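Visitor: I'm passing along model.csv; it holds CSV, C-alpha atoms and all ligand atoms.
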chain,number,residue,atom,x,y,z
A,1,MET,CA,-104.2,-123.5,-18.0
A,2,PHE,CA,-108.0,-123.3,-18.3
A,3,LYS,CA,-109.5,-121.0,-15.7
A,4,SER,CA,-113.0,-122.5,-15.3
A,5,ASP,CA,-113.8,-119.9,-12.6
A,6,LEU,CA,-113.5,-117.1,-15.2
A,7,CYS,CA,-115.7,-118.8,-17.8
A,8,ASP,CA,-119.2,-117.6,-18.0
A,9,LEU,CA,-120.2,-119.9,-20.8
A,10,CYS,CA,-120.7,-117.1,-23.3
A,11,GLY,CA,-119.7,-119.4,-26.2
A,12,ASP,CA,-117.7,-116.7,-28.0
A,13,CYS,CA,-114.6,-118.9,-28.3
A,14,LEU,CA,-116.3,-121.6,-30.4
A,15,VAL,CA,-118.7,-119.3,-32.2
A,16,GLU,CA,-115.9,-117.1,-33.5
A,17,CYS,CA,-113.5,-120.0,-34.2
A,18,GLN,CA,-112.9,-120.1,-37.9
A,19,TRP,CA,-112.4,-123.8,-38.0
A,20,ILE,CA,-115.4,-125.1,-36.0
A,21,ASP,CA,-118.8,-124.4,-37.4
A,22,ALA,CA,-120.7,-123.9,-34.1
A,23,ASP,CA,-123.8,-121.9,-33.4
A,24,LEU,CA,-124.3,-120.4,-29.9
A,25,GLN,CA,-126.3,-123.2,-28.5
A,26,GLN,CA,-123.8,-125.9,-29.7
A,27,ALA,CA,-120.9,-123.8,-28.5
A,28,VAL,CA,-122.2,-123.4,-25.0
A,29,GLY,CA,-123.2,-127.1,-24.8
A,30,TRP,CA,-119.7,-128.2,-26.0
A,31,ILE,CA,-117.9,-125.9,-23.6
A,32,GLN,CA,-120.0,-127.2,-20.7
A,33,ALA,CA,-119.4,-130.8,-21.7
A,34,MET,CA,-115.6,-130.2,-22.0
A,35,ILE,CA,-115.6,-128.5,-18.6
A,36,ASN,CA,-117.1,-131.8,-17.4
A,37,GLY,CA,-114.2,-133.6,-19.0
A,38,GLU,CA,-116.3,-135.1,-21.8
A,39,GLN,CA,-115.3,-135.7,-25.4
A,40,THR,CA,-117.0,-133.4,-28.0
A,41,PRO,CA,-116.6,-132.9,-31.8
A,42,VAL,CA,-114.5,-129.8,-31.0
A,43,LEU,CA,-111.5,-132.0,-30.2
A,44,GLU,CA,-111.2,-133.4,-33.7
A,45,LYS,CA,-112.3,-130.3,-35.6
A,46,CYS,CA,-109.9,-128.0,-33.7
A,47,ILE,CA,-106.7,-127.3,-35.6
A,48,THR,CA,-104.9,-126.0,-32.5
A,49,CYS,CA,-104.5,-122.4,-33.8
A,50,TYR,CA,-104.8,-120.9,-30.2
A,51,ALA,CA,-107.2,-118.2,-31.5
A,52,CYS,CA,-109.9,-118.9,-28.9
A,53,ASN,CA,-107.5,-118.0,-26.1
A,54,GLU,CA,-107.3,-114.5,-27.6
A,55,ILE,CA,-111.0,-114.4,-28.4
A,56,CYS,CA,-112.2,-115.3,-24.9
A,57,PRO,CA,-113.2,-112.0,-23.3
A,58,LYS,CA,-112.7,-113.5,-19.8
A,59,ASN,CA,-109.1,-114.7,-20.4
A,60,ALA,CA,-110.2,-118.2,-19.4
A,61,ASN,CA,-107.9,-119.9,-21.9
A,62,PRO,CA,-110.4,-122.2,-23.6
A,63,PHE,CA,-107.7,-123.7,-25.9
A,64,ASP,CA,-105.9,-125.1,-22.8
A,65,LEU,CA,-109.1,-126.9,-21.9
A,66,ILE,CA,-109.4,-128.3,-25.5
A,67,ALA,CA,-105.7,-129.3,-25.5
A,68,SER,CA,-105.9,-131.1,-22.2
A,69,LEU,CA,-108.9,-133.2,-23.6
A,70,GLN,CA,-107.1,-133.8,-26.9
A,71,GLU,CA,-104.3,-135.3,-24.9
A,72,LYS,CA,-106.7,-137.2,-22.6
A,73,TYR,CA,-108.6,-138.8,-25.5
A,74,ASN,CA,-105.5,-139.2,-27.8
A,75,THR,CA,-107.3,-137.2,-30.4
A,76,PHE,CA,-104.3,-136.7,-32.7
A,77,ILE,CA,-101.6,-139.1,-31.5
A,78,SER,CA,-101.3,-142.1,-29.2
A,79,LYS,CA,-99.3,-141.9,-25.9
A,80,GLU,CA,-96.6,-144.0,-27.5
A,81,ASP,CA,-96.3,-141.6,-30.5
A,82,ALA,CA,-96.2,-138.6,-28.2
A,83,GLN,CA,-93.4,-140.2,-26.2
A,84,SER,CA,-91.4,-140.9,-29.4
A,85,THR,CA,-91.9,-137.3,-30.5
A,86,GLU,CA,-90.7,-136.2,-27.1
A,87,ALA,CA,-87.6,-138.5,-27.4
A,88,LYS,CA,-86.9,-137.0,-30.9
A,89,TYR,CA,-86.7,-133.4,-29.6
A,90,ALA,CA,-85.2,-134.0,-26.1
A,91,PHE,CA,-81.6,-133.0,-25.6
A,92,ALA,CA,-79.4,-135.6,-23.9
A,93,GLY,CA,-75.8,-134.5,-24.4
A,94,ASP,CA,-73.5,-132.1,-22.5
A,95,LEU,CA,-74.4,-128.5,-22.9
A,96,LYS,CA,-71.6,-126.5,-24.6
A,97,SER,CA,-70.6,-123.6,-22.3
A,98,CYS,CA,-71.6,-120.2,-23.6
A,99,SER,CA,-69.7,-117.0,-23.2
A,100,GLN,CA,-71.5,-114.7,-20.8
A,101,VAL,CA,-73.1,-111.8,-22.7
A,102,ASP,CA,-75.8,-109.3,-21.9
A,103,ARG,CA,-77.9,-110.1,-25.0
A,104,VAL,CA,-78.2,-113.4,-26.9
A,105,MET,CA,-80.5,-114.6,-29.7
A,106,THR,CA,-82.1,-118.0,-29.6
A,107,THR,CA,-82.8,-119.4,-33.0
A,108,CYS,CA,-84.7,-122.5,-31.8
A,109,VAL,CA,-84.4,-125.2,-34.5
A,110,PHE,CA,-84.2,-122.8,-37.4
A,111,GLN,CA,-80.5,-122.5,-37.7
A,112,LYS,CA,-80.7,-126.1,-39.0
A,113,THR,CA,-83.9,-125.9,-41.0
A,114,ASP,CA,-83.8,-122.3,-42.4
A,115,PRO,CA,-80.3,-121.0,-42.1
A,116,HIS,CA,-80.9,-118.6,-45.1
A,117,LEU,CA,-83.3,-116.6,-42.9
A,118,ILE,CA,-80.6,-116.0,-40.2
A,119,GLU,CA,-78.0,-114.3,-42.3
A,120,GLY,CA,-76.5,-110.8,-42.4
A,121,GLU,CA,-75.7,-108.1,-40.0
A,122,LEU,CA,-78.9,-108.3,-38.0
A,123,TYR,CA,-77.8,-111.7,-36.8
A,124,GLU,CA,-74.3,-110.8,-35.8
A,125,LEU,CA,-75.0,-111.1,-32.2
A,126,PRO,CA,-74.2,-114.2,-30.0
A,127,THR,CA,-76.7,-116.9,-31.0
A,128,ILE,CA,-77.6,-120.2,-29.5
A,129,GLY,CA,-80.1,-122.8,-30.8
A,130,GLY,CA,-80.8,-126.4,-31.5
A,131,LYS,CA,-82.3,-129.1,-29.3
A,132,PRO,CA,-81.1,-127.7,-25.9
A,133,TYR,CA,-83.1,-124.6,-26.5
A,134,PHE,CA,-86.1,-126.1,-28.3
A,135,CYS,CA,-89.3,-124.4,-26.9
A,136,TRP,CA,-91.6,-127.4,-27.2
A,137,VAL,CA,-94.6,-125.2,-28.2
A,138,LEU,CA,-95.1,-127.5,-31.2
A,139,LEU,CA,-96.3,-130.2,-28.8
A,140,SER,CA,-99.6,-128.5,-28.1
A,141,HIS,CA,-100.3,-128.6,-31.8
A,142,ILE,CA,-100.2,-132.4,-31.8
A,143,GLY,CA,-102.3,-133.0,-28.6
A,144,ALA,CA,-99.4,-133.4,-26.2
A,145,GLN,CA,-99.6,-130.2,-24.2
A,146,SER,CA,-98.3,-131.8,-21.0
A,147,ILE,CA,-94.9,-132.5,-22.7
A,148,GLN,CA,-94.7,-128.8,-23.6
A,149,GLU,CA,-95.2,-127.9,-20.0
A,150,LYS,CA,-92.8,-130.7,-18.7
A,151,HIS,CA,-89.8,-129.3,-20.6
A,152,ALA,CA,-90.5,-125.6,-20.2
A,153,LYS,CA,-88.3,-125.2,-17.1
A,154,GLU,CA,-85.2,-126.8,-18.7
A,155,MET,CA,-85.5,-124.5,-21.7
A,156,VAL,CA,-85.6,-121.4,-19.4
A,157,ASP,CA,-82.8,-122.8,-17.2
A,158,ARG,CA,-80.5,-123.4,-20.2
A,159,LEU,CA,-81.1,-119.9,-21.6
A,160,ALA,CA,-80.4,-118.5,-18.2
A,161,LEU,CA,-77.0,-120.2,-18.2
A,162,THR,CA,-75.9,-117.7,-20.9
A,163,GLY,CA,-76.1,-115.0,-18.2
A,164,ALA,CA,-77.9,-112.8,-20.7
A,165,LYS,CA,-80.2,-110.1,-19.3
A,166,GLU,CA,-82.1,-110.1,-22.6
A,167,VAL,CA,-82.9,-113.1,-24.9
A,168,VAL,CA,-84.0,-112.2,-28.4
A,169,CYS,CA,-86.4,-114.8,-29.7
A,170,PHE,CA,-86.1,-115.5,-33.5
A,171,HIS,CA,-89.2,-117.7,-33.3
A,172,ASP,CA,-92.6,-116.4,-32.2
A,173,ASP,CA,-93.2,-119.7,-30.4
A,174,CYS,CA,-90.1,-119.2,-28.2
A,175,TYR,CA,-91.3,-115.7,-27.3
A,176,ALA,CA,-94.7,-117.1,-26.4
A,177,MET,CA,-93.1,-119.7,-24.2
A,178,LEU,CA,-90.8,-117.3,-22.4
A,179,SER,CA,-93.2,-114.3,-22.0
A,180,LYS,CA,-96.5,-116.1,-21.4
A,181,LEU,CA,-96.5,-119.9,-21.0
A,182,ALA,CA,-93.6,-120.4,-18.7
A,183,PRO,CA,-94.8,-117.7,-16.2
A,184,GLU,CA,-98.3,-119.4,-16.4
A,185,TYR,CA,-96.6,-122.7,-15.4
A,186,GLY,CA,-95.1,-120.9,-12.4
A,187,ILE,CA,-91.6,-120.7,-13.8
A,188,THR,CA,-89.5,-117.6,-13.1
A,189,VAL,CA,-87.8,-116.3,-16.3
A,190,PRO,CA,-84.7,-114.5,-15.1
A,191,PHE,CA,-84.1,-112.4,-18.2
A,192,ARG,CA,-86.2,-110.2,-20.5
A,193,PRO,CA,-87.5,-112.0,-23.6
A,194,ILE,CA,-87.3,-109.8,-26.7
A,195,HIS,CA,-89.5,-110.5,-29.6
A,196,LEU,CA,-87.9,-110.5,-33.1
A,197,ALA,CA,-90.1,-107.6,-34.2
A,198,GLU,CA,-89.0,-105.5,-31.3
A,199,TYR,CA,-85.3,-106.3,-32.0
A,200,LEU,CA,-85.7,-105.5,-35.7
A,201,ALA,CA,-87.5,-102.2,-35.0
A,202,GLN,CA,-84.8,-101.3,-32.5
A,203,TYR,CA,-82.1,-102.1,-35.1
A,204,LEU,CA,-83.8,-100.0,-37.8
A,205,LYS,CA,-84.2,-97.1,-35.4
A,206,ALA,CA,-80.6,-97.2,-34.5
A,207,ASN,CA,-79.7,-97.2,-38.3
A,208,LYS,CA,-82.4,-94.8,-39.4
A,209,ASP,CA,-80.1,-92.9,-41.7
A,210,ARG,CA,-79.4,-96.0,-43.7
A,211,ILE,CA,-83.0,-97.0,-44.4
A,212,LYS,CA,-84.3,-96.8,-47.9
A,213,PRO,CA,-88.1,-97.0,-47.6
A,214,LEU,CA,-89.5,-100.0,-49.5
A,215,ASN,CA,-92.8,-98.4,-50.5
A,216,ILE,CA,-94.6,-101.7,-50.9
A,217,GLU,CA,-98.0,-102.9,-49.8
A,218,ILE,CA,-98.0,-106.2,-48.0
A,219,ALA,CA,-100.4,-108.5,-46.2
A,220,TYR,CA,-99.2,-109.8,-42.8
A,221,GLN,CA,-99.6,-113.5,-42.0
A,222,ARG,CA,-100.0,-113.5,-38.2
A,223,PRO,CA,-98.9,-116.9,-36.8
A,224,CYS,CA,-100.7,-119.1,-34.2
A,225,ALA,CA,-98.2,-118.4,-31.4
A,226,SER,CA,-99.0,-114.6,-31.6
A,227,ARG,CA,-102.4,-115.4,-30.1
A,228,HIS,CA,-100.5,-115.9,-26.8
A,229,THR,CA,-98.8,-112.5,-26.9
A,230,PRO,CA,-101.0,-109.9,-28.6
A,231,GLU,CA,-99.4,-107.2,-26.6
A,232,LYS,CA,-96.3,-107.2,-28.8
A,233,GLU,CA,-98.2,-106.6,-32.1
A,234,HIS,CA,-97.3,-102.9,-32.1
A,235,PHE,CA,-93.7,-103.8,-32.8
A,236,ILE,CA,-94.8,-105.4,-36.1
A,237,ASP,CA,-96.5,-102.2,-37.1
A,238,GLU,CA,-93.6,-100.1,-35.9
A,239,LEU,CA,-91.2,-102.2,-38.0
A,240,PHE,CA,-93.4,-101.8,-41.1
A,241,ASP,CA,-93.5,-98.0,-40.6
A,242,LEU,CA,-89.8,-97.8,-40.2
A,243,ALA,CA,-89.2,-99.9,-43.4
A,244,GLY,CA,-91.8,-97.9,-45.4
A,245,VAL,CA,-94.1,-100.9,-45.7
A,246,LYS,CA,-97.9,-100.5,-45.8
A,247,ARG,CA,-99.8,-103.3,-44.2
A,248,VAL,CA,-103.0,-103.6,-46.2
A,249,GLN,CA,-106.3,-103.9,-44.3
A,250,ARG,CA,-107.9,-107.2,-45.1
A,251,THR,CA,-110.3,-109.7,-43.6
A,252,TYR,CA,-107.8,-112.3,-42.3
A,253,ASP,CA,-105.5,-110.1,-40.2
A,254,ARG,CA,-105.1,-109.1,-36.5
A,255,LYS,CA,-107.8,-110.9,-34.4
A,256,LYS,CA,-109.3,-112.5,-37.5
A,257,ALA,CA,-106.0,-113.9,-38.8
A,258,LEU,CA,-106.2,-117.2,-40.5
A,259,CYS,CA,-103.8,-119.9,-39.4
A,260,CYS,CA,-101.5,-121.1,-42.3
A,261,ALA,CA,-103.3,-124.5,-41.9
A,262,GLY,CA,-100.0,-126.4,-42.1
A,263,ILE,CA,-101.1,-128.1,-38.9
A,264,LYS,CA,-104.0,-129.8,-40.9
A,265,LEU,CA,-101.4,-131.6,-43.0
A,266,MET,CA,-99.4,-132.6,-40.0
A,267,LEU,CA,-102.4,-134.0,-38.2
A,268,GLY,CA,-103.9,-135.6,-41.3
A,269,ASN,CA,-106.9,-133.4,-40.5
A,270,GLY,CA,-108.2,-132.5,-43.9
A,271,ASP,CA,-107.0,-130.5,-47.0
A,272,PRO,CA,-105.4,-127.1,-46.1
A,273,ARG,CA,-105.6,-125.8,-49.6
A,274,PRO,CA,-109.1,-124.2,-49.7
A,275,ASP,CA,-108.3,-122.2,-46.6
A,276,GLN,CA,-104.8,-121.3,-47.9
A,277,GLU,CA,-106.3,-120.1,-51.1
A,278,LYS,CA,-108.9,-118.0,-49.2
A,279,ASN,CA,-106.1,-116.4,-47.2
A,280,ILE,CA,-103.9,-115.6,-50.2
A,281,LEU,CA,-106.8,-114.3,-52.4
A,282,ASP,CA,-107.8,-112.1,-49.5
A,283,ALA,CA,-104.3,-110.6,-49.5
A,284,LYS,CA,-104.4,-110.2,-53.3
A,285,GLU,CA,-107.8,-108.6,-53.5
A,286,ASN,CA,-106.9,-106.1,-50.9
A,287,GLY,CA,-103.9,-104.9,-52.8
A,288,ALA,CA,-101.0,-106.7,-51.3
A,289,HIS,CA,-97.9,-107.3,-53.4
A,290,ALA,CA,-96.5,-109.9,-51.0
A,291,ILE,CA,-97.3,-111.6,-47.8
A,292,VAL,CA,-94.9,-111.1,-44.9
A,293,CYS,CA,-94.6,-114.0,-42.5
A,294,LEU,CA,-93.1,-114.0,-39.0
A,295,CYS,CA,-93.1,-117.8,-38.7
A,296,PRO,CA,-90.9,-119.8,-41.0
A,297,MET,CA,-93.4,-122.6,-40.7
A,298,CYS,CA,-96.1,-120.4,-42.3
A,299,ILE,CA,-93.7,-119.9,-45.3
A,300,HIS,CA,-93.2,-123.6,-45.7
A,301,SER,CA,-96.9,-124.3,-45.4
A,302,LEU,CA,-98.2,-121.5,-47.7
A,303,SER,CA,-95.4,-121.6,-50.3
A,304,GLY,CA,-97.2,-124.0,-52.7
A,305,VAL,CA,-100.5,-122.2,-52.9
A,306,ALA,CA,-98.8,-118.8,-52.8
A,307,GLY,CA,-96.6,-119.7,-55.7
A,308,GLU,CA,-99.6,-120.8,-57.8
A,309,ASN,CA,-101.2,-117.4,-57.1
A,310,ASN,CA,-98.0,-115.4,-57.9
A,311,MET,CA,-97.9,-114.2,-54.3
A,312,PRO,CA,-94.3,-113.8,-53.0
A,313,LEU,CA,-93.8,-114.7,-49.3
A,314,ILE,CA,-91.3,-112.6,-47.4
A,315,PHE,CA,-89.8,-113.4,-44.0
A,316,LEU,CA,-90.3,-110.5,-41.5
A,317,GLY,CA,-86.5,-110.3,-40.9
A,318,ASP,CA,-85.9,-109.9,-44.6
A,319,ILE,CA,-88.1,-106.7,-44.6
A,320,ALA,CA,-85.5,-105.2,-42.3
A,321,ARG,CA,-82.6,-106.5,-44.4
A,322,MET,CA,-84.2,-105.0,-47.5
A,323,ALA,CA,-84.8,-101.7,-45.8
A,324,LEU,CA,-81.1,-101.6,-45.0
A,325,GLY,CA,-80.2,-102.4,-48.6
A,326,GLU,CA,-78.6,-105.7,-47.6
A,327,ILE,CA,-80.9,-107.8,-49.9
A,328,GLU,CA,-82.9,-106.9,-52.9
A,329,ILE,CA,-86.7,-106.2,-52.9
A,330,PRO,CA,-88.4,-108.8,-55.0
A,331,ILE,CA,-89.8,-107.6,-58.4
A,332,PHE,CA,-93.6,-107.7,-58.2
B,1,LIG,S1,-107.6,-123.5,-31.1
B,1,LIG,FE1,-108.3,-122.5,-33.0
B,1,LIG,S2,-109.3,-124.2,-34.1
B,1,LIG,FE2,-109.1,-124.8,-32.0
B,1,LIG,S3,-111.1,-124.2,-31.0
B,1,LIG,FE3,-109.6,-122.6,-30.6
B,1,LIG,S4,-110.0,-121.2,-32.3
B,1,LIG,FE4,-110.9,-123.1,-32.9
B,2,LIG,S1,-113.9,-119.9,-22.4
B,2,LIG,FE1,-114.2,-117.7,-22.6
B,2,LIG,S2,-115.2,-117.4,-24.6
B,2,LIG,FE2,-115.4,-119.6,-24.1
B,2,LIG,S3,-117.4,-119.8,-23.1
B,2,LIG,FE3,-115.9,-119.5,-21.5
B,2,LIG,S4,-115.8,-117.2,-21.1
B,2,LIG,FE4,-116.8,-117.5,-23.1
Kindly transcribe the structure held in the file into C-alpha cells.
Ligand code: SF4
Ligand code: SF4

Guide:
Amino acid sequence: MFKSDLCDLCGDCLVECQWIDADLQQAVGWIQAMINGEQTPVLEKCITCYACNEICPKNANPFDLIASLQEKYNTFISKEDAQSTEAKYAFAGDLKSCSQVDRVMTTCVFQKTDPHLIEGELYELPTIGGKPYFCWVLLSHIGAQSIQEKHAKEMVDRLALTGAKEVVCFHDDCYAMLSKLAPEYGITVPFRPIHLAEYLAQYLKANKDRIKPLNIEIAYQRPCASRHTPEKEHFIDELFDLAGVKRVQRTYDRKKALCCAGIKLMLGNGDPRPDQEKNILDAKENGAHAIVCLCPMCIHSLSGVAGENNMPLIFLGDIARMALGEIEIPIF
C-alpha cells in the first residue's frame, strides 16, 4: 500500500528507476500527479520490477501507487482480461487433505512447469503446490494488483491447513507474499515463511562434510520479488560461501539489479533483448562463468540471449545440489 504521508516528493524512486528516463523535475511532477490520482507516462513505461519500493528512502511504496493507477486506467489489460486471468489461476475444487507436518515446502506452480528444478534429496520433504497454493504475485505485473490482494488470505489459510510451523517457499514470489505483502494487507500468517536460500544454506551447513567447493565465479540474477524482502539477501551470500562460489561484483546486482525483462514480452511493452544483452555482458565482463538465477521465470526469460552469449544459467537450488555432488558442474 502506498503511504502518502511518508512521501516527501524527493523523486528518487523515478530518477533511479532503470526503465523510466526521468530527471528530478519530471520525477517530482509525475509522483505528485499520481498522488492526485492522475495518469502519467510512468504507467506505461513502468515494467513492474518493484525496484522503486526498495529505492524509496521513506518506505512509502511508490510501486503500489503506480500499480493502483495501472489498474485504474487499464494500462496493461482490460478489466475483462484481468477477470479471465483470475479465473485461469483460481482454484475451485476440493482441497486434498495434507498430513500434518512441522515443515512443508510450497512449490507454487513450478512442480508443473519446471519439475526438473525440484529433484533430488533437497526436495525430499513434504511438498504442496499447484493452484490452491498459487501466490498471485504475478497479478501486480499485469496491472491487476487488487486481485493479488483479494486472494492472499485464501493462500495463507490453505497453507495453514497443513499445520506446519514452517513453510519453505520454493519461489521468491511466495516468500514475498507470506513475509511482506500478506502482513501489509493485515493478514496474520500463522507459520514462519522460510526462503529457499535460507533452507538451502541450512541444508548445506547440516551436511558440511559432504560439500565439494565448486570454485566458480558467478553473477547473481536478483529477481523482482526480492525487492520486497531485501532482508533475506544475506542467505544468498551464505549459500554461495558454503558452496565455494564467488559472486562477482558487477553493475547490475544488489540494489542495482536489472529485471530479466521477461515482463516486457508478456505486456507487449517493447523488446527485452537490448536490456538482457546489457545484463549478460555485464556478468561476462566482470568475470562470471555463469549466471545463477533464483527465479525460474528469469531462466526462461534470459535463456535465449544467454545461450547466444555462451553464458550458462544455473538455478540457485542446483548450486546446492552441485556442492553436494548430486549433479555435475557445467563445463565452462
Ligand atoms: S516498478 Fe520498476 S519500472 Fe516501475 S517505476 Fe518502479 S522501478 Fe521503475
Ligand atoms: S515515493 Fe519515496 S522515493 Fe518516491 S518521491 Fe516519495 S519519498 Fe521519494

Visitor: Name the closest residue to A:Leu324 among the candidates A:Cys135, A:Ala33, A:Leu214, A:Met177; distances are taken between atoms, counting all atoms listed in the file.

Guide: A:Leu214

Visitor: Which value, in Å to one decimal, gives the distance between atom CA of A:Ile142 and atom CA of A:Leu24?

Guide: 27.0 Å

Visitor: Would you tabulate, counting all atoms listed in the file, all residues of chain A that have an atom at most 7 Å from an atom of ligand LIG 1 (chain B), showing the closest pair of atoms and their distance in Å to one decimal, sorted by chain then ascending number, as a Markdown table?

Guide:
| residue | atom | partner | partner_atom | distance |
| --- | --- | --- | --- | --- |
| A:Cys13 | CA | B:LIG1 | S4 | 6.5 |
| A:Leu14 | CA | B:LIG1 | S3 | 5.8 |
| A:Cys17 | CA | B:LIG1 | S4 | 4.2 |
| A:Gln18 | CA | B:LIG1 | FE4 | 6.2 |
| A:Trp19 | CA | B:LIG1 | S2 | 5.0 |
| A:Ile20 | CA | B:LIG1 | FE4 | 5.8 |
| A:Val42 | CA | B:LIG1 | S3 | 6.6 |
| A:Lys45 | CA | B:LIG1 | S2 | 7.0 |
| A:Cys46 | CA | B:LIG1 | FE2 | 3.7 |
| A:Ile47 | CA | B:LIG1 | S2 | 4.3 |
| A:Thr48 | CA | B:LIG1 | S1 | 3.9 |
| A:Cys49 | CA | B:LIG1 | FE1 | 3.9 |
| A:Tyr50 | CA | B:LIG1 | S1 | 3.9 |
| A:Ala51 | CA | B:LIG1 | S4 | 4.2 |
| A:Cys52 | CA | B:LIG1 | FE3 | 4.1 |
| A:Asn53 | CA | B:LIG1 | FE3 | 6.8 |
| A:Phe63 | CA | B:LIG1 | FE3 | 5.2 |

Visitor: With distances taken over all atoms listed in the file, which residue among A:Gln100, A:Gln39, A:Ser78, A:Gln83 lies nearest A:Thr162?

Guide: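 Among the listed residues, A:Gln100 lies closest to A:Thr162.
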
Visitor: Around ligand LIG 2 (chain B), which protein and nucleic acid residues have at least one atom no more than 10 Å from it, if we count all atoms listed in the file? List them as a PyMOL selection string.

Guide: chain A and resi 2-16+24+27-32+35+52-65

Visitor: Suppose you want the space between atom CA of A:Pro193 and atom CA of A:His228; what is it in Å?

Guide: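 If I compute the distance from atom CA of A:Pro193 to atom CA of A:His228, I get 13.9 Å.
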
Visitor: Give me, as CSV, each residue of stretch 125-234 of chain A that comes within 6 Å of stretch 287-294 of chain A, together with its shortest interatomic pair and the distance in Å at one decimal, counting only C-alpha atoms, with rows ordered by chain and rising residue number.

Guide:
residue,atom,partner,partner_atom,distance
A:Glu217,CA,A:Ala288,CA,5.1
A:Ile218,CA,A:Ala288,CA,4.5
A:Ala219,CA,A:Ile291,CA,4.7
A:Tyr220,CA,A:Val292,CA,5.0
A:Gln221,CA,A:Cys293,CA,5.0

Visitor: Considering all atoms listed in the file, state which residue in the set A:Lys153, A:Arg222, A:Lys165, A:Lys79 is at the smallest distance from A:Arg247.

Guide: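 Of A:Lys153, A:Arg222, A:Lys165, A:Lys79, the one nearest A:Arg247 is A:Arg222, counting all atoms listed in the file.
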
Visitor: Between A:Val189, A:Gly268, A:Pro223, A:Leu69, single out the one closest to A:Asn36, counting all atoms listed in the file.

Guide: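 Using all atoms listed in the file, the shortest distance to A:Asn36 belongs to A:Leu69.
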
Visitor: Under the rule that only C-alpha atoms are counted, which of A:Asp241, A:Thr106, A:Lys278, A:Phe76 is the nearest residue to A:Lys264?

Guide: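 Using only C-alpha atoms, the shortest distance to A:Lys264 belongs to A:Phe76.
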
Visitor: Which residues are close to A:Val168, i.e. within 9 Å by all atoms listed in the file, leaving aside same-chain residues fewer than 6 positions away? Reply as a ChimeraX atom specification.

Guide: /A:103-107,175,192-196,198-199

Visitor: Would you be able to write out as a ChimeraX atom specification which residues have an atom within 12 Å of (-85.6, -94.8, -49.6) in the file's coordinates, counting only C-alpha atoms?

Guide: /A:208-216,242-245,322-325,329

Visitor: Using only C-alpha atoms, find the one residue out of A:Ile299, A:Gly129, A:Ile147, A:Val156 that sits nearest to A:Ile314.

Guide: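 So, comparing all the options, the nearest one is A:Ile299.
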
Visitor: Measure the distance from atom CA of A:Asp81 to atom CA of A:Pro132 in Å and round it to one decimal.

Guide: 21.1 Å

Visitor: Please work out which residues fall within 12 Å of (-74.6, -114.9, -33.8), coordinates as given in the file, with only C-alpha atoms counting, and return them as a PyMOL selection string.

Guide: chain A and resi 98-99+101+103-107+111+115+118-129+168+170

Visitor: N, CA, C and O atoms are what I want for stretch 319-329 of chain A; can you complete it accordingly and write them as a PDB file, in the frame of the given file?

Guide:
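Output (selection.pdb):
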ATOM      1  N   ILE A 319     -87.561-108.109 -44.352  1.00  0.00           N
ATOM      2  CA  ILE A 319     -88.100-106.700 -44.600  1.00  0.00           C
ATOM      3  C   ILE A 319     -87.015-105.747 -44.030  1.00  0.00           C
ATOM      4  O   ILE A 319     -86.679-104.747 -44.678  1.00  0.00           O
ATOM      5  N   ALA A 320     -86.481-106.053 -42.838  1.00  0.00           N
ATOM      6  CA  ALA A 320     -85.500-105.200 -42.300  1.00  0.00           C
ATOM      7  C   ALA A 320     -84.185-105.198 -43.097  1.00  0.00           C
ATOM      8  O   ALA A 320     -83.560-104.156 -43.336  1.00  0.00           O
ATOM      9  N   ARG A 321     -83.826-106.383 -43.564  1.00  0.00           N
ATOM     10  CA  ARG A 321     -82.600-106.500 -44.400  1.00  0.00           C
ATOM     11  C   ARG A 321     -82.781-105.707 -45.713  1.00  0.00           C
ATOM     12  O   ARG A 321     -81.860-105.051 -46.188  1.00  0.00           O
ATOM     13  N   MET A 322     -83.974-105.763 -46.288  1.00  0.00           N
ATOM     14  CA  MET A 322     -84.200-105.000 -47.500  1.00  0.00           C
ATOM     15  C   MET A 322     -84.174-103.515 -47.273  1.00  0.00           C
ATOM     16  O   MET A 322     -83.612-102.757 -48.068  1.00  0.00           O
ATOM     17  N   ALA A 323     -84.754-103.098 -46.153  1.00  0.00           N
ATOM     18  CA  ALA A 323     -84.800-101.700 -45.800  1.00  0.00           C
ATOM     19  C   ALA A 323     -83.347-101.135 -45.641  1.00  0.00           C
ATOM     20  O   ALA A 323     -83.060 -99.965 -45.923  1.00  0.00           O
ATOM     21  N   LEU A 324     -82.459-102.002 -45.175  1.00  0.00           N
ATOM     22  CA  LEU A 324     -81.100-101.600 -45.000  1.00  0.00           C
ATOM     23  C   LEU A 324     -80.225-101.772 -46.238  1.00  0.00           C
ATOM     24  O   LEU A 324     -79.020-101.504 -46.250  1.00  0.00           O
ATOM     25  N   GLY A 325     -80.862-102.258 -47.303  1.00  0.00           N
ATOM     26  CA  GLY A 325     -80.200-102.400 -48.600  1.00  0.00           C
ATOM     27  C   GLY A 325     -79.269-103.656 -48.616  1.00  0.00           C
ATOM     28  O   GLY A 325     -78.445-103.823 -49.515  1.00  0.00           O
ATOM     29  N   GLU A 326     -79.480-104.555 -47.663  1.00  0.00           N
ATOM     30  CA  GLU A 326     -78.600-105.700 -47.600  1.00  0.00           C
ATOM     31  C   GLU A 326     -79.051-106.789 -48.638  1.00  0.00           C
ATOM     32  O   GLU A 326     -78.237-107.536 -49.166  1.00  0.00           O
ATOM     33  N   ILE A 327     -80.363-106.890 -48.851  1.00  0.00           N
ATOM     34  CA  ILE A 327     -80.900-107.800 -49.900  1.00  0.00           C
ATOM     35  C   ILE A 327     -81.858-107.024 -50.767  1.00  0.00           C
ATOM     36  O   ILE A 327     -82.404-106.002 -50.359  1.00  0.00           O
ATOM     37  N   GLU A 328     -82.076-107.574 -51.971  1.00  0.00           N
ATOM     38  CA  GLU A 328     -82.900-106.900 -52.900  1.00  0.00           C
ATOM     39  C   GLU A 328     -84.424-107.071 -52.589  1.00  0.00           C
ATOM     40  O   GLU A 328     -84.821-108.101 -52.045  1.00  0.00           O
ATOM     41  N   ILE A 329     -85.207-106.074 -52.959  1.00  0.00           N
ATOM     42  CA  ILE A 329     -86.700-106.200 -52.900  1.00  0.00           C
ATOM     43  C   ILE A 329     -87.111-107.052 -54.059  1.00  0.00           C
ATOM     44  O   ILE A 329     -86.639-106.815 -55.182  1.00  0.00           O
TER      45      ILE A 329
END
